[in-house]
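Here is the structure we will look at.
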Amino acid sequence: MKCLYCGYTESKVLDSRPTDEGNSIRRRRECLKCGKRFTTYEMIENTPILVVKNDGTRQQFDASKIKNGIIKSCEKRPVAMHDIDNLVSVIEKQISNSLVQEISSRKIGEMVMKALKELDQIAYIRFASVYRQFRDVTELADFIKDEKMNK
């Protein structure tokens, strides 16, 4: 860290503490050359994750889109909102922890389907019917039959 006063690059940390919001650390430093003190803030760098859509276009990842899709799938089902929030949080963490800069919408959809399958079977089928774009009841019935066989 460069000293604000003399430009020297070596300093020692005198005090570190988290900020009120908890998303950064405030560090009090002292320059090893001129002895003056200054404050720096350290925070996590968020690199944006892009979602690659089926048509090849890209857009920034937005967890609220996942949440809205899950809410629609869980409509009139006994699924608590905190369960939906937890599911979205788990998927968001999986994507962030994968350290990829781009992820396909198909992969996100598969992650949501897997999580919904464990949460609520009807919500899972609802989401799958929209996600897989079934054209008729036969395709949906085949999907359900395959699901039963894979158990």
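Going by the structure tokens order, chains are called A, B, ..., each with residues numbered from 1, while ligands are numbered from 1 in the order shown.
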
* **Picked from range 9-132 of chain A by DSSP as helix (DSSP H, G or I), as a PyMOL selection string** => chain A and resi 63-73+81-97+105-119+121-131

* To do: Extract the full set of strand (DSSP E or B) residues from chain A according to DSSP on the backbone, and format it as a ChimeraX atom specification.
  => /A:11-18,24-31,37-43,50-52,58-60,102-104

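For the choices A:Cys31, A:Met1, A:Ile125, A:Met43, the atom-to-atom distance to Thr19 in chain A is smallest for A:Met43 when using only C-alpha atoms.
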
Near-Cys3 in chain A list (10 Å; only C-alpha atoms; drop same-chain fewer than 3 positions) as a CSV table (one decimal) with N, CA and C atoms, in the first residue's frame:
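Saved as around.csv:
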```csv
chain,number,residue,atom,x,y,z
A,6,CYS,N,4.3,10.3,1.3
A,6,CYS,CA,5.6,10.2,0.7
A,6,CYS,C,5.7,9.2,-0.5
A,7,GLY,N,4.6,8.4,-0.7
A,7,GLY,CA,4.6,7.4,-1.8
A,7,GLY,C,5.4,6.2,-1.5
A,8,TYR,N,5.9,6.0,-0.3
A,8,TYR,CA,6.6,4.8,0.0
A,8,TYR,C,5.7,3.6,0.0
A,9,THR,N,6.1,2.4,-0.4
A,9,THR,CA,5.2,1.3,-0.6
A,9,THR,C,5.2,0.4,0.6
A,10,GLU,N,6.0,0.6,1.7
A,10,GLU,CA,6.0,-0.3,2.8
A,10,GLU,C,5.3,0.4,4.0
A,11,SER,N,4.3,-0.3,4.6
A,11,SER,CA,3.7,0.2,5.8
A,11,SER,C,3.3,-0.9,6.7
A,29,ARG,N,-2.9,2.3,9.2
A,29,ARG,CA,-1.5,1.9,8.8
A,29,ARG,C,-0.6,3.1,9.1
A,30,GLU,N,0.7,2.7,9.3
A,30,GLU,CA,1.7,3.7,9.5
A,30,GLU,C,2.9,3.4,8.5
A,31,CYS,N,3.3,4.5,7.8
A,31,CYS,CA,4.3,4.4,6.8
A,31,CYS,C,5.6,4.2,7.5
A,32,LEU,N,6.4,3.2,7.0
A,32,LEU,CA,7.7,2.9,7.6
A,32,LEU,C,8.8,3.9,7.3
A,33,LYS,N,8.6,4.8,6.3
A,33,LYS,CA,9.6,5.8,6.0
A,33,LYS,C,9.3,7.1,6.7
A,34,CYS,N,8.1,7.7,6.5
A,34,CYS,CA,7.9,9.0,7.1
A,34,CYS,C,7.1,8.9,8.4
A,35,GLY,N,6.6,7.8,8.8
A,35,GLY,CA,5.9,7.6,10.1
A,35,GLY,C,4.5,8.1,10.1
A,36,LYS,N,4.0,8.7,9.0
A,36,LYS,CA,2.6,9.2,9.1
A,36,LYS,C,1.6,8.1,9.0
A,37,ARG,N,0.4,8.4,9.5
A,37,ARG,CA,-0.6,7.3,9.6
A,37,ARG,C,-1.7,7.6,8.6
A,38,PHE,N,-2.3,6.6,8.0
A,38,PHE,CA,-3.4,6.7,7.1
A,38,PHE,C,-4.3,5.5,7.2
A,39,THR,N,-5.5,5.6,6.7
A,39,THR,CA,-6.5,4.6,6.7
A,39,THR,C,-6.8,4.0,5.4
```

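Among the candidate residues A:Ser16, A:Ser105, A:Ser96, A:Thr40, the one lying nearest to Lys65 in chain A is A:Ser105, with distances computed using only C-alpha atoms.
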
Non-local contacts of Arg126 in chain A (12 Å; only C-alpha atoms; under 2 positions in same chain excluded) as a compact mmCIF listing (two decimals) with N, CA and C atoms, in the first residue's frame:
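Output saved as part_12.txt:
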```
# COMPACT_ATOMS: atom_id res chain seq x y z
N GLY A 69 -38.87 -17.39 -10.67
CA GLY A 69 -39.25 -18.66 -11.29
C GLY A 69 -39.63 -19.71 -10.27
N ILE A 70 -38.89 -19.75 -9.18
CA ILE A 70 -39.18 -20.72 -8.12
C ILE A 70 -40.50 -20.37 -7.43
N ILE A 71 -40.73 -19.08 -7.19
CA ILE A 71 -41.98 -18.65 -6.56
C ILE A 71 -43.18 -19.07 -7.43
N LYS A 72 -43.08 -18.87 -8.73
CA LYS A 72 -44.18 -19.27 -9.63
C LYS A 72 -44.39 -20.78 -9.58
N SER A 73 -43.32 -21.54 -9.52
CA SER A 73 -43.43 -23.00 -9.46
C SER A 73 -44.05 -23.47 -8.15
N CYS A 74 -43.83 -22.71 -7.09
CA CYS A 74 -44.31 -23.11 -5.77
C CYS A 74 -45.67 -22.50 -5.42
N GLU A 75 -46.28 -21.79 -6.37
CA GLU A 75 -47.56 -21.17 -6.12
C GLU A 75 -48.59 -22.20 -5.66
N LYS A 76 -49.32 -21.87 -4.61
CA LYS A 76 -50.36 -22.73 -4.02
C LYS A 76 -49.81 -24.07 -3.52
N ARG A 77 -48.55 -24.06 -3.14
CA ARG A 77 -47.90 -25.25 -2.59
C ARG A 77 -47.47 -24.92 -1.16
N VAL A 112 -31.53 -25.53 -10.49
CA VAL A 112 -32.82 -25.20 -9.88
C VAL A 112 -33.69 -26.45 -9.84
N MET A 113 -33.73 -27.19 -10.95
CA MET A 113 -34.55 -28.40 -10.99
C MET A 113 -34.11 -29.41 -9.94
N LEU A 116 -35.26 -28.11 -6.55
CA LEU A 116 -36.72 -28.18 -6.41
C LEU A 116 -37.20 -29.62 -6.23
N LYS A 117 -36.52 -30.53 -6.86
CA LYS A 117 -36.90 -31.94 -6.77
C LYS A 117 -36.86 -32.40 -5.31
N ASP A 120 -39.93 -29.87 -3.33
CA ASP A 120 -41.35 -30.13 -3.58
C ASP A 120 -41.51 -30.72 -4.98
N GLN A 121 -42.06 -31.93 -5.06
CA GLN A 121 -42.19 -32.64 -6.33
C GLN A 121 -43.08 -31.91 -7.34
N ILE A 122 -44.18 -31.33 -6.88
CA ILE A 122 -45.09 -30.64 -7.80
C ILE A 122 -44.43 -29.37 -8.34
N ALA A 123 -43.77 -28.62 -7.48
CA ALA A 123 -43.06 -27.42 -7.93
C ALA A 123 -41.97 -27.81 -8.93
N TYR A 124 -41.32 -28.94 -8.67
CA TYR A 124 -40.30 -29.46 -9.59
C TYR A 124 -40.89 -29.73 -10.97
N ALA A 128 -40.03 -27.76 -14.37
CA ALA A 128 -39.52 -28.56 -15.48
C ALA A 128 -40.37 -28.38 -16.73
N SER A 129 -41.69 -28.26 -16.56
CA SER A 129 -42.56 -28.12 -17.73
C SER A 129 -42.30 -26.81 -18.48
N VAL A 130 -42.00 -25.76 -17.74
CA VAL A 130 -41.67 -24.48 -18.37
C VAL A 130 -40.24 -24.50 -18.89
N TYR A 131 -39.32 -24.98 -18.06
CA TYR A 131 -37.90 -24.99 -18.41
C TYR A 131 -37.62 -25.88 -19.63
N ARG A 132 -38.21 -27.05 -19.67
CA ARG A 132 -37.99 -27.99 -20.77
C ARG A 132 -38.89 -27.71 -21.97
N GLN A 133 -39.80 -26.79 -21.82
CA GLN A 133 -40.71 -26.35 -22.90
C GLN A 133 -41.44 -27.53 -23.54
N PHE A 134 -42.15 -28.29 -22.72
CA PHE A 134 -42.93 -29.39 -23.25
C PHE A 134 -44.01 -28.85 -24.18
N LEU A 140 -44.75 -34.31 -21.28
CA LEU A 140 -44.74 -34.17 -19.82
C LEU A 140 -44.88 -35.54 -19.16
N PHE A 143 -41.68 -37.42 -19.41
CA PHE A 143 -40.71 -36.87 -18.46
C PHE A 143 -40.97 -37.44 -17.06
N ILE A 144 -42.23 -37.45 -16.65
CA ILE A 144 -42.59 -37.96 -15.33
C ILE A 144 -42.27 -39.46 -15.24
```

* Structure fact -> Among A:Ile49, A:Ala141, A:Ile44, A:Val88, Gly109 in chain A is approached most closely, using only C-alpha atoms, by A:Val88
